[in-house]
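Asks: Pasting start36.tsv below, which is TSV, C-alpha atoms.
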chain	number	residue	atom	x	y	z
A	1	MET	CA	119.48	111.39	82.63
A	2	SER	CA	120.65	109.82	85.90
A	3	ASP	CA	119.85	112.99	87.84
A	4	THR	CA	116.15	113.12	86.94
A	5	LEU	CA	113.25	111.48	88.71
A	6	PHE	CA	111.72	110.73	85.31
A	7	GLY	CA	114.49	108.93	83.46
A	8	PRO	CA	114.46	105.71	81.42
A	9	ASP	CA	113.81	103.54	84.49
A	10	ASN	CA	110.54	105.36	85.21
A	11	LEU	CA	108.54	106.23	82.05
A	12	PRO	CA	105.11	106.99	83.57
A	13	TYR	CA	102.03	107.26	81.34
A	14	GLY	CA	99.73	110.26	81.01
A	15	LEU	CA	97.23	111.97	78.74
A	16	PHE	CA	97.87	115.37	77.16
A	17	SER	CA	96.70	117.91	74.62
A	18	THR	CA	98.44	120.80	72.92
A	19	PRO	CA	97.31	124.43	72.46
A	20	ASP	CA	96.92	123.97	68.69
A	21	ALA	CA	94.59	120.97	69.16
A	22	PRO	CA	92.96	121.30	72.60
A	23	GLY	CA	90.28	118.72	71.80
A	24	HIS	CA	92.72	116.04	70.69
A	25	ARG	CA	93.86	114.03	73.70
A	26	ARG	CA	96.92	111.87	73.23
A	27	LEU	CA	98.77	109.30	75.31
A	28	GLY	CA	102.20	110.35	76.46
A	29	VAL	CA	105.16	109.12	78.47
A	30	ARG	CA	107.08	111.54	80.63
A	31	PHE	CA	110.82	111.58	79.97
A	32	GLY	CA	112.66	114.20	81.99
A	33	ASP	CA	110.93	117.52	81.30
A	34	ASP	CA	109.44	116.32	78.02
A	35	VAL	CA	106.46	114.23	76.95
A	36	LEU	CA	106.75	111.56	74.27
A	37	ASP	CA	103.71	111.48	71.96
A	38	LEU	CA	103.12	107.72	72.21
A	39	GLY	CA	100.73	107.29	69.31
A	40	ALA	CA	102.86	109.29	66.89
A	41	ALA	CA	106.05	107.51	67.95
A	42	ALA	CA	104.39	104.09	67.70
A	43	ALA	CA	103.21	104.84	64.16
A	44	THR	CA	106.67	106.07	63.15
A	45	PHE	CA	108.43	103.00	64.52
A	46	GLY	CA	105.80	100.57	63.22
A	47	SER	CA	104.83	99.28	66.65
A	48	PRO	CA	102.36	96.38	66.70
A	49	HIS	CA	100.65	98.21	69.55
A	50	THR	CA	99.99	101.43	67.64
A	51	GLU	CA	96.21	101.11	67.85
A	52	VAL	CA	96.03	101.05	71.66
A	53	LEU	CA	98.70	103.76	71.91
A	54	ARG	CA	96.63	106.11	69.73
A	55	ALA	CA	93.56	105.81	71.97
A	56	PRO	CA	92.25	108.93	73.77
A	57	SER	CA	92.83	107.44	77.23
A	58	LEU	CA	94.94	104.79	78.95
A	59	ASN	CA	92.04	102.34	79.25
A	60	ALA	CA	92.74	100.43	76.04
A	61	LEU	CA	96.39	99.88	76.96
A	62	MET	CA	95.46	98.95	80.53
A	63	ALA	CA	92.88	96.41	79.33
A	64	ALA	CA	95.42	94.77	77.01
A	65	GLY	CA	97.11	92.95	79.90
A	66	ARG	CA	100.53	92.57	81.43
A	67	PRO	CA	102.35	91.02	78.43
A	68	VAL	CA	101.39	94.05	76.34
A	69	TRP	CA	102.32	96.45	79.17
A	70	GLN	CA	105.77	94.91	79.32
A	71	ALA	CA	106.21	94.91	75.54
A	72	VAL	CA	105.17	98.56	75.20
A	73	ARG	CA	107.44	99.60	78.06
A	74	ALA	CA	110.39	97.83	76.41
A	75	GLU	CA	109.60	99.53	73.09
A	76	VAL	CA	109.39	102.99	74.63
A	77	ARG	CA	112.62	102.51	76.55
A	78	ALA	CA	114.39	101.45	73.35
A	79	TRP	CA	113.02	104.40	71.38
A	80	LEU	CA	114.31	106.83	73.98
A	81	THR	CA	117.68	105.25	74.81
A	82	ASP	CA	118.91	103.28	71.79
A	83	GLU	CA	121.34	105.36	69.72
A	84	THR	CA	119.73	104.14	66.52
A	85	HIS	CA	116.28	105.40	67.59
A	86	ARG	CA	116.86	108.49	69.70
A	87	GLU	CA	116.99	111.01	66.86
A	88	THR	CA	113.70	109.74	65.45
A	89	ALA	CA	112.07	109.61	68.90
A	90	ALA	CA	113.22	113.17	69.62
A	91	ARG	CA	110.89	114.42	66.86
A	92	HIS	CA	107.97	113.23	68.99
A	93	LEU	CA	109.11	114.83	72.26
A	94	LEU	CA	107.19	117.90	73.44
A	95	PRO	CA	108.25	120.22	76.28
A	96	LEU	CA	106.16	119.42	79.35
A	97	HIS	CA	105.39	123.07	80.01
A	98	GLN	CA	103.77	123.42	76.59
A	99	VAL	CA	101.13	120.70	77.02
A	100	ARG	CA	97.99	120.39	79.11
A	101	LEU	CA	97.63	117.24	81.20
A	102	HIS	CA	94.30	115.46	81.71
A	103	LEU	CA	92.85	112.68	83.85
A	104	PRO	CA	94.79	109.79	82.31
A	105	PHE	CA	92.13	107.07	82.44
A	106	ASP	CA	88.37	106.67	82.75
A	107	VAL	CA	87.72	105.78	86.39
A	108	ALA	CA	85.37	102.80	86.73
A	109	ASP	CA	85.02	102.31	90.50
A	110	TYR	CA	86.80	103.83	93.47
A	111	VAL	CA	87.59	102.15	96.80
A	112	ASP	CA	89.45	103.74	99.71
A	113	PHE	CA	91.19	101.69	102.37
A	114	TYR	CA	92.47	102.39	105.89
A	115	ALA	CA	95.78	100.52	105.84
A	116	SER	CA	98.18	102.53	108.03
A	117	GLU	CA	98.34	101.28	111.62
A	118	HIS	CA	99.85	104.60	112.72
A	119	HIS	CA	97.05	106.60	111.11
A	120	ALA	CA	94.29	104.33	112.42
A	121	THR	CA	95.81	104.41	115.92
A	122	ASN	CA	96.06	108.20	115.91
A	123	VAL	CA	92.47	108.58	114.73
A	124	GLY	CA	91.29	106.12	117.36
A	125	ARG	CA	93.08	108.01	120.11
A	126	ILE	CA	91.63	111.32	118.92
A	127	PHE	CA	88.03	110.09	118.78
A	128	ARG	CA	88.11	107.35	121.43
A	129	PRO	CA	90.61	108.56	124.04
A	130	ASP	CA	89.15	106.27	126.69
A	131	GLY	CA	88.73	103.20	124.46
A	132	ASP	CA	90.79	100.95	122.22
A	133	ALA	CA	92.54	102.86	119.45
A	134	LEU	CA	91.98	100.09	116.90
A	135	THR	CA	88.70	98.31	116.30
A	136	PRO	CA	88.75	94.50	116.85
A	137	ASN	CA	88.71	93.73	113.11
A	138	TRP	CA	91.52	96.09	112.08
A	139	LYS	CA	94.41	93.59	112.11
A	140	HIS	CA	92.39	90.79	110.56
A	141	LEU	CA	91.22	92.46	107.33
A	142	PRO	CA	91.91	95.60	105.28
A	143	ILE	CA	89.09	97.98	106.16
A	144	GLY	CA	87.72	100.06	103.29
A	145	TYR	CA	84.67	101.70	101.79
A	146	HIS	CA	83.32	102.14	98.28
A	147	GLY	CA	83.74	105.77	97.20
A	148	ARG	CA	82.59	107.95	94.31
A	149	ALA	CA	84.37	107.54	90.96
A	150	GLY	CA	82.76	110.58	89.31
A	151	THR	CA	84.64	113.12	91.43
A	152	VAL	CA	88.13	111.73	90.89
A	153	VAL	CA	89.96	114.66	89.27
A	154	VAL	CA	93.41	115.32	87.91
A	155	SER	CA	96.06	117.37	89.71
A	156	GLY	CA	95.54	121.10	89.33
A	157	THR	CA	91.74	120.92	89.43
A	158	PRO	CA	90.31	123.44	91.97
A	159	VAL	CA	88.53	121.89	94.96
A	160	PRO	CA	85.42	123.85	96.04
A	161	ARG	CA	84.78	123.72	99.77
A	162	PRO	CA	81.95	121.22	100.29
A	163	ARG	CA	78.65	121.99	101.98
A	164	GLY	CA	76.75	119.64	104.22
A	165	GLN	CA	75.23	118.98	107.60
A	166	ARG	CA	77.43	119.64	110.64
A	167	LYS	CA	76.60	119.14	114.29
A	168	PRO	CA	79.12	120.85	116.55
A	169	PRO	CA	79.54	119.34	120.04
A	170	GLY	CA	76.94	120.66	122.43
A	171	GLU	CA	74.51	121.80	119.75
A	172	PRO	CA	71.05	120.16	119.92
A	173	VAL	CA	70.46	120.00	116.16
A	174	PRO	CA	72.65	120.02	113.05
A	175	ALA	CA	73.39	123.09	110.94
A	176	PHE	CA	73.96	123.26	107.19
A	177	GLY	CA	76.78	125.10	105.49
A	178	PRO	CA	80.37	124.97	104.23
A	179	SER	CA	82.71	122.56	105.98
A	180	GLN	CA	84.77	124.20	108.70
A	181	ARG	CA	87.17	121.28	109.07
A	182	LEU	CA	88.39	120.60	105.54
A	183	ASP	CA	91.33	118.20	105.47
A	184	ILE	CA	93.61	116.19	103.21
A	185	GLU	CA	94.65	112.57	103.16
A	186	ALA	CA	98.03	111.75	101.63
A	187	GLU	CA	97.57	108.39	99.91
A	188	VAL	CA	98.83	106.12	97.16
A	189	GLY	CA	96.40	104.86	94.51
A	190	PHE	CA	96.54	101.63	92.51
A	191	VAL	CA	95.02	101.47	89.03
A	192	VAL	CA	93.50	98.23	87.73
A	193	GLY	CA	94.17	97.25	84.15
A	194	THR	CA	93.16	93.64	83.59
A	195	PRO	CA	89.54	92.95	84.59
A	196	SER	CA	88.27	89.85	86.38
A	197	ALA	CA	85.08	87.84	86.15
A	198	MET	CA	82.31	88.17	88.70
A	199	GLY	CA	82.55	85.31	91.18
A	200	SER	CA	86.33	84.82	90.64
A	201	PRO	CA	88.44	86.29	93.48
A	202	VAL	CA	91.92	87.60	92.68
A	203	GLU	CA	94.56	85.84	94.77
A	204	LEU	CA	97.61	87.58	96.23
A	205	ALA	CA	99.78	86.20	93.44
A	206	GLY	CA	97.52	87.86	90.87
A	207	PHE	CA	98.30	91.40	91.96
A	208	ARG	CA	100.86	92.18	89.24
A	209	GLU	CA	98.66	90.62	86.55
A	210	HIS	CA	95.78	92.96	87.31
A	211	VAL	CA	97.28	96.24	88.58
A	212	PHE	CA	98.67	98.48	85.85
A	213	GLY	CA	100.32	101.17	87.93
A	214	VAL	CA	100.53	103.58	90.84
A	215	THR	CA	99.53	107.20	91.38
A	216	LEU	CA	99.75	109.67	94.23
A	217	LEU	CA	96.31	110.54	95.58
A	218	ASN	CA	94.79	113.16	97.87
A	219	ASP	CA	91.43	112.04	99.28
A	220	TRP	CA	90.04	115.37	100.49
A	221	SER	CA	87.94	115.03	103.64
A	222	ALA	CA	85.35	117.22	105.36
A	223	ARG	CA	85.87	116.06	108.92
A	224	ASP	CA	82.85	117.83	110.43
A	225	ILE	CA	80.44	116.51	107.78
A	226	GLN	CA	81.97	113.05	108.10
A	227	ALA	CA	81.74	113.00	111.91
A	228	TRP	CA	77.99	113.64	111.84
A	229	GLU	CA	77.06	111.27	109.00
A	230	TYR	CA	79.36	108.26	109.25
A	231	VAL	CA	77.58	106.26	111.99
A	232	PRO	CA	76.39	103.61	111.23
A	233	LEU	CA	77.17	103.25	107.50
A	234	GLY	CA	80.47	105.09	107.05
A	235	PRO	CA	81.84	107.93	104.87
A	236	PHE	CA	79.55	109.58	102.35
A	237	LEU	CA	79.31	113.35	101.66
A	238	GLY	CA	82.36	114.03	103.81
A	239	LYS	CA	84.49	112.19	101.25
A	240	SER	CA	82.67	112.08	97.91
A	241	PHE	CA	83.18	115.69	96.81
A	242	ALA	CA	86.75	115.36	95.46
A	243	THR	CA	89.65	112.94	95.14
A	244	THR	CA	92.73	114.24	93.31
A	245	ILE	CA	95.24	112.03	91.50
A	246	SER	CA	98.45	112.65	89.58
A	247	PRO	CA	98.35	113.02	85.80
A	248	TRP	CA	101.10	110.37	85.64
A	249	ILE	CA	100.58	106.64	86.25
A	250	THR	CA	103.84	104.92	87.20
A	251	PRO	CA	104.04	101.30	85.95
A	252	LEU	CA	104.50	98.68	88.66
A	253	ASP	CA	107.62	97.45	86.86
A	254	ALA	CA	109.25	100.85	87.46
A	255	LEU	CA	109.04	100.20	91.22
A	256	ASP	CA	110.76	96.80	91.32
A	257	ALA	CA	113.76	98.20	93.22
A	258	ALA	CA	111.41	99.73	95.80
A	259	ARG	CA	109.68	96.48	96.81
A	260	VAL	CA	109.98	95.74	100.53
A	261	ALA	CA	108.37	93.48	103.11
A	262	PRO	CA	105.50	94.98	105.15
A	263	PRO	CA	105.78	95.39	108.94
A	264	PRO	CA	105.49	92.22	111.06
A	265	ARG	CA	101.90	91.06	111.52
A	266	ASP	CA	100.54	90.61	115.05
A	267	PHE	CA	97.99	87.89	114.27
A	268	PRO	CA	97.98	84.91	111.89
A	269	LEU	CA	96.11	85.88	108.75
A	270	LEU	CA	93.42	83.90	106.98
A	271	PRO	CA	94.81	82.02	103.97
A	272	TYR	CA	93.56	84.44	101.31
A	273	LEU	CA	95.46	87.30	103.03
A	274	ASP	CA	98.51	85.36	104.20
A	275	ASP	CA	101.50	86.73	102.29
A	276	SER	CA	104.15	84.89	104.32
A	277	ALA	CA	104.27	81.86	102.02
A	278	ASP	CA	107.25	81.22	99.76
A	279	GLY	CA	106.89	82.71	96.32
A	280	ILE	CA	104.46	85.47	97.34
A	281	ASP	CA	105.51	89.00	96.42
A	282	PRO	CA	106.37	90.87	99.64
A	283	GLY	CA	103.89	93.51	98.56
A	284	GLY	CA	105.25	96.60	100.29
A	285	TYR	CA	106.76	99.62	98.52
A	286	ASP	CA	109.41	102.01	99.84
A	287	LEU	CA	107.83	105.31	98.77
A	288	HIS	CA	109.01	108.56	100.37
A	289	MET	CA	106.17	111.08	100.40
A	290	THR	CA	106.12	114.80	101.17
A	291	VAL	CA	103.05	116.93	102.00
A	292	ARG	CA	103.28	120.68	101.44
A	293	LEU	CA	100.78	123.42	102.25
A	294	ASN	CA	101.33	126.67	100.36
A	295	GLY	CA	104.91	125.58	99.74
A	296	HIS	CA	105.66	124.75	103.39
A	297	THR	CA	106.52	121.15	104.26
A	298	LEU	CA	103.99	119.68	106.70
A	299	ALA	CA	104.93	116.01	106.78
A	300	GLU	CA	106.99	113.25	105.18
A	301	PRO	CA	104.93	110.03	105.46
A	302	PRO	CA	106.73	106.73	104.72
A	303	PHE	CA	104.66	104.28	102.67
A	304	SER	CA	106.90	101.38	103.72
A	305	THR	CA	105.20	101.32	107.14
A	306	MET	CA	101.75	100.43	105.77
A	307	TYR	CA	100.35	97.39	107.60
A	308	TRP	CA	98.22	96.13	104.71
A	309	THR	CA	99.68	95.86	101.21
A	310	ALA	CA	98.03	96.67	97.90
A	311	ALA	CA	98.04	92.96	97.03
A	312	GLN	CA	96.13	92.14	100.21
A	313	GLN	CA	93.69	94.96	99.54
A	314	LEU	CA	93.00	93.64	96.04
A	315	ALA	CA	92.53	90.09	97.37
A	316	HIS	CA	90.13	91.30	100.05
A	317	MET	CA	88.24	93.56	97.66
A	318	THR	CA	87.45	90.59	95.39
A	319	VAL	CA	87.23	87.67	97.84
A	320	ASN	CA	83.44	87.90	97.93
A	321	GLY	CA	83.32	87.49	94.15
A	322	ALA	CA	83.24	91.19	93.25
A	323	SER	CA	84.65	91.71	89.77
A	324	LEU	CA	87.35	94.12	88.63
A	325	ARG	CA	86.93	96.50	85.71
A	326	THR	CA	89.59	98.27	83.71
A	327	GLY	CA	89.98	101.69	85.31
A	328	ASP	CA	89.12	100.64	88.86
A	329	LEU	CA	91.05	102.77	91.34
A	330	TYR	CA	91.73	101.79	94.92
A	331	ALA	CA	93.61	103.85	97.46
A	332	SER	CA	95.81	102.91	100.39
A	333	GLY	CA	94.17	105.18	102.92
A	334	THR	CA	96.09	107.92	104.71
A	335	VAL	CA	99.82	107.21	104.90
A	336	SER	CA	101.26	108.04	108.33
A	337	GLY	CA	104.43	107.01	110.11
A	338	ALA	CA	105.34	106.62	113.75
A	339	GLU	CA	106.67	110.17	114.19
A	340	PRO	CA	104.57	113.37	114.45
A	341	ALA	CA	106.26	114.80	111.35
A	342	GLN	CA	105.17	111.72	109.37
A	343	ARG	CA	101.41	112.15	109.70
A	344	GLY	CA	99.50	112.35	106.43
A	345	SER	CA	96.46	114.39	107.51
A	346	LEU	CA	95.78	117.65	109.32
A	347	LEU	CA	93.46	115.72	111.64
A	348	GLU	CA	96.54	113.98	113.03
A	349	LEU	CA	99.03	116.82	112.63
A	350	THR	CA	96.82	119.15	114.71
A	351	TRP	CA	95.41	116.38	116.90
A	352	GLY	CA	91.81	116.97	115.95
A	353	GLY	CA	92.32	120.71	115.55
A	354	ARG	CA	93.33	121.19	119.17
A	355	GLU	CA	97.00	121.88	118.36
A	356	PRO	CA	97.10	124.20	115.31
A	357	LEU	CA	100.24	124.29	113.20
A	358	GLU	CA	102.40	127.40	113.27
A	359	LEU	CA	103.18	128.18	109.62
A	360	PRO	CA	104.90	131.20	108.01
A	361	ASP	CA	101.53	132.38	106.64
A	362	GLY	CA	99.61	131.84	109.88
A	363	LYS	CA	98.14	129.09	112.03
A	364	ARG	CA	96.28	126.18	110.52
A	365	ALA	CA	94.02	123.68	112.21
A	366	PHE	CA	92.28	122.79	108.95
A	367	LEU	CA	92.36	124.17	105.41
A	368	GLU	CA	91.34	127.72	104.54
A	369	ASP	CA	90.04	129.00	101.21
A	370	GLY	CA	92.98	129.65	98.90
A	371	ASP	CA	95.22	127.03	100.50
A	372	GLU	CA	97.14	124.88	98.05
A	373	VAL	CA	98.20	121.34	98.96
A	374	THR	CA	100.89	119.45	97.03
A	375	LEU	CA	101.91	115.81	97.41
A	376	THR	CA	105.20	114.54	95.99
A	377	ALA	CA	106.99	111.20	96.30
A	378	TRP	CA	110.00	109.24	95.13
A	379	ALA	CA	111.10	105.63	95.35
A	380	PRO	CA	114.47	103.90	95.05
A	381	GLY	CA	115.30	102.89	91.50
A	382	PRO	CA	117.96	100.62	90.02
A	383	ASP	CA	121.64	101.42	90.60
A	384	GLY	CA	121.01	104.18	93.12
A	385	THR	CA	118.59	106.16	90.95
A	386	ARG	CA	115.28	107.60	92.11
A	387	ILE	CA	111.85	107.08	90.59
A	388	GLY	CA	109.49	110.04	90.86
A	389	LEU	CA	105.74	109.80	91.18
A	390	GLY	CA	103.87	112.64	89.55
A	391	ASP	CA	102.93	115.55	91.82
A	392	VAL	CA	99.36	116.02	93.07
A	393	THR	CA	98.21	119.59	93.66
A	394	GLY	CA	94.84	121.08	94.56
A	395	ARG	CA	93.75	124.54	95.67
A	396	VAL	CA	90.72	125.09	97.91
A	397	THR	CA	88.16	127.53	96.52
A	398	PRO	CA	85.17	129.01	98.40
A	399	ALA	CA	81.96	126.98	98.63
A	400	GLU	CA	79.82	127.42	95.53
Kindly return the structure encoded in the file as structure tokens.

Replies:
Amino acid sequence: MSDTLFGPDNLPYGLFSTPDAPGHRRLGVRFGDDVLDLGAAAATFGSPHTEVLRAPSLNALMAAGRPVWQAVRAEVRAWLTDETHRETAARHLLPLHQVRLHLPFDVADYVDFYASEHHATNVGRIFRPDGDALTPNWKHLPIGYHGRAGTVVVSGTPVPRPRGQRKPPGEPVPAFGPSQRLDIEAEVGFVVGTPSAMGSPVELAGFREHVFGVTLLNDWSARDIQAWEYVPLGPFLGKSFATTISPWITPLDALDAARVAPPPRDFPLLPYLDDSADGIDPGGYDLHMTVRLNGHTLAEPPFSTMYWTAAQQLAHMTVNGASLRTGDLYASGTVSGAEPAQRGSLLELTWGGREPLELPDGKRAFLEDGDEVTLTAWAPGPDGTRIGLGDVTGRVTPAE
């Protein structure tokens, strides 16, 4: 299966049900265009991890810790590739198109960061054309905000256009109604497995012990609602209405060949964020993302350009003693590169709506009802292979 993005070097985890048992949710691993029923396979092969693999979500496996993650991954790989096991494993493979995919884990908390220097610079230039593009703190700490876990949804879930207060420039008072500047943010999410105790920060070296895997993520944004509400406390209703993730969680170990160093830092970092020391994981990942609107390619953001790494974000998120819970999700922030065709939001691609995109189905400054956005990504794998991240799709529906 060397030509697939979901071969034996990938093996992402998901949650599925079948038409004959729609209420029975089962853990699965994607293998090509099939899904391995993990619980059934584990029972057949007598796995010591059968109990956690028969759970109705990924949380039990994620909470079990890195040694179990590695052991289960090795088992699954053997079941699917070892000649002595493949015939038995094949009895537990289901065609992907015949199953329904669900949100793969119970989301505990959600944090969104702002880690792309190119994105932050573009946004600064759009909103502060006569001032500094970056705020004074930007290169000293990973900026983020605490979001809403209850509206994290799985790919394919419709996204109703949000309502809220908007105050157009020049108007004396705000108006209320559906957002007129609905946007996307192409991001990468990191899913926490192993929890931590309150008062015990997670150091940079602890990243791989706590983070279970990676997912593509679209953090939908109502720019007009956000612009009116975010001073002085930050994003709220403009962000909390929907965040879409992939149904597949790619294990960190599947991305070993994609690990790269982050861009050079412009200022010395405080010790808890300093990843230049010997023995510290470089922290960056070479992920190649694509953003499509109604099937048309809008941008190809490169994740390798992100200034702040996921390990630094985790260290910063916990340095004050905040604890981690199994199922915590934190996102990179919009991924944008140096080139115009690498910008991960319509805000940047249309420069604040002033330069609408010319698309085959008409101009777009921001999203219209009926628009469908899809994020895809791949990463280098071992021996020249590619590792696919599960697609993220959402269609905008009219305000309810």

Asks: Identify the residues within 12 Å of coordinate (100.7, 91.0, 113.7) (same frame as the file), considering all atoms listed in the file, and give the answer as a PyMOL selection string.

Replies: chain A and resi 117+138-141+262-269+274+276+307-308

Asks: Of the residues A:Gly370, A:Gly295, A:Pro162, A:Gly32, which is the one nearest to Ile387 in chain A, using all atoms listed in the file?

Replies: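 Closest candidate: A:Gly32.
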
Asks: Pick out the residues sitting within 7 Å of range 153-161 of chain A, and hand them over as a PyMOL selection string; count all atoms listed in the file, and ignore anything fewer than 5 positions along from it in its own chain.

Replies: chain A and resi 102-103+178-179+242-247+392-400

Asks: Quick one: of A:Gln313, A:Thr350, A:Asn320, A:Asn59, who's nearest to Leu204 in chain A, counting only C-alpha atoms?

Replies: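 Selected residue with least distance to Leu204 in chain A: A:Gln313.
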
Asks: Find the residues of range 107-140 of chain A that sit at most 12 Å from range 207-219 of chain A; for each, write down the nearest two atoms and how far apart they are in Å, to one decimal. Count all atoms listed in the file. Sort by chain, then by number going up, and give it as a Markdown table.

Replies:
| residue | atom | partner | partner_atom | distance |
| --- | --- | --- | --- | --- |
| A:Tyr110 | CA | A:Asp219 | CA | 11.1 |
| A:Val111 | CA | A:Asp219 | CA | 10.9 |
| A:Asp112 | CA | A:Asp219 | CA | 8.5 |
| A:Phe113 | CA | A:Asp219 | CA | 10.8 |
| A:Tyr114 | CA | A:Asp219 | CA | 11.7 |

Asks: Kindly export the residues of the current selection with C-alpha atoms, as a PDB file, keeping the file's coordinate frame.

Replies:
ATOM      1  CA  TYR A 110      86.800 103.830  93.470  1.00  0.00           C
ATOM      2  CA  VAL A 111      87.590 102.150  96.800  1.00  0.00           C
ATOM      3  CA  ASP A 112      89.450 103.740  99.710  1.00  0.00           C
ATOM      4  CA  PHE A 113      91.190 101.690 102.370  1.00  0.00           C
ATOM      5  CA  TYR A 114      92.470 102.390 105.890  1.00  0.00           C
TER       6      TYR A 114
END

Asks: With distances taken over only C-alpha atoms, which residue among A:Gly193, A:Pro67, A:Pro8, A:Pro271 lies nearest Arg325 in chain A?

Replies: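 Counting only C-alpha atoms, the residue closest to Arg325 in chain A is A:Gly193.
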
Asks: Using all atoms listed in the file, can you tell me which of A:Leu287, A:Trp69, A:Leu293, A:Gly344 comes closest to Leu359 in chain A?

Replies: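 Nearest candidate to Leu359 in chain A out of A:Leu287, A:Trp69, A:Leu293, A:Gly344: A:Leu293.
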
Asks: Which is closest to Gly14 in chain A among A:Arg73, A:His119, A:Arg100, A:His296, if we use only C-alpha atoms?

Replies: A:Arg100

Asks: Which one is closest to Glu372 in chain A: A:Leu346, A:Arg292, A:Val72, A:Leu53? Count all atoms listed in the file.

Replies: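 The answer is A:Arg292, which sits nearest to Glu372 in chain A.
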
Asks: What is the distance, in Å and to one decimal place, between CA of Gly321 in chain A and CA of Ser304 in chain A?

Replies: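 Taking CA of Gly321 in chain A and CA of Ser304 in chain A, their separation equals 29.0 Å.
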
Asks: Please indicate the distance in Å from CA of Val107 in chain A to CA of Gly150 in chain A, rounded to one decimal place.

Replies: 7.5 Å

Asks: For the atom pair CA of Asn10 in chain A and CA of His316 in chain A, what is the interatomic distance in Å to one decimal place?

Replies: 28.9 Å

Asks: Taking (101.1, 92.6, 96.7) in the file's coordinates, which residues come within 9 Å, counting only C-alpha atoms, written as a list in words?

Replies: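 Neighbouring residues, ordered by chain and number, come to Leu204, Ala205, Gly206, Phe207, Arg208, Asp275, Ile280, Asp281, Pro282, Gly283, Gly284, Thr309, Ala310, Ala311, Gln312, Gln313, Leu314 and Ala315 of chain A.
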
Asks: Could you write out that same residue set with C-alpha atoms as a compact mmCIF listing (two decimals), keeping the file's coordinate frame?

Replies:
# COMPACT_ATOMS: atom_id res chain seq x y z
CA LEU A 204 97.61 87.58 96.23
CA ALA A 205 99.78 86.20 93.44
CA GLY A 206 97.52 87.86 90.87
CA PHE A 207 98.30 91.40 91.96
CA ARG A 208 100.86 92.18 89.24
CA ASP A 275 101.50 86.73 102.29
CA ILE A 280 104.46 85.47 97.34
CA ASP A 281 105.51 89.00 96.42
CA PRO A 282 106.37 90.87 99.64
CA GLY A 283 103.89 93.51 98.56
CA GLY A 284 105.25 96.60 100.29
CA THR A 309 99.68 95.86 101.21
CA ALA A 310 98.03 96.67 97.90
CA ALA A 311 98.04 92.96 97.03
CA GLN A 312 96.13 92.14 100.21
CA GLN A 313 93.69 94.96 99.54
CA LEU A 314 93.00 93.64 96.04
CA ALA A 315 92.53 90.09 97.37

Asks: Please provide the set of residues having any atom within 10 Å of Leu96 in chain A, restricted to only C-alpha atoms, with same-chain residues fewer than 4 positions apart removed, written as number ranges by chain.

Replies: A: 16, 30-36, 100-101

Asks: What's around Leu58 in chain A at 7 Å? Count only C-alpha atoms, leave out sequence neighbours fewer than 5 positions away in its own chain, and write the answer as a ChimeraX atom specification.

Replies: /A:27,104-105

Asks: So that I can see what lies close to Ala254 in chain A, please list as a list in words the residues with an atom at most 7 Å from it, counting all atoms listed in the file and leaving out residues fewer than 2 positions away in the same chain.

Replies: Asp9, Asn10, Thr250, Pro251, Leu252 and Asp256 of chain A
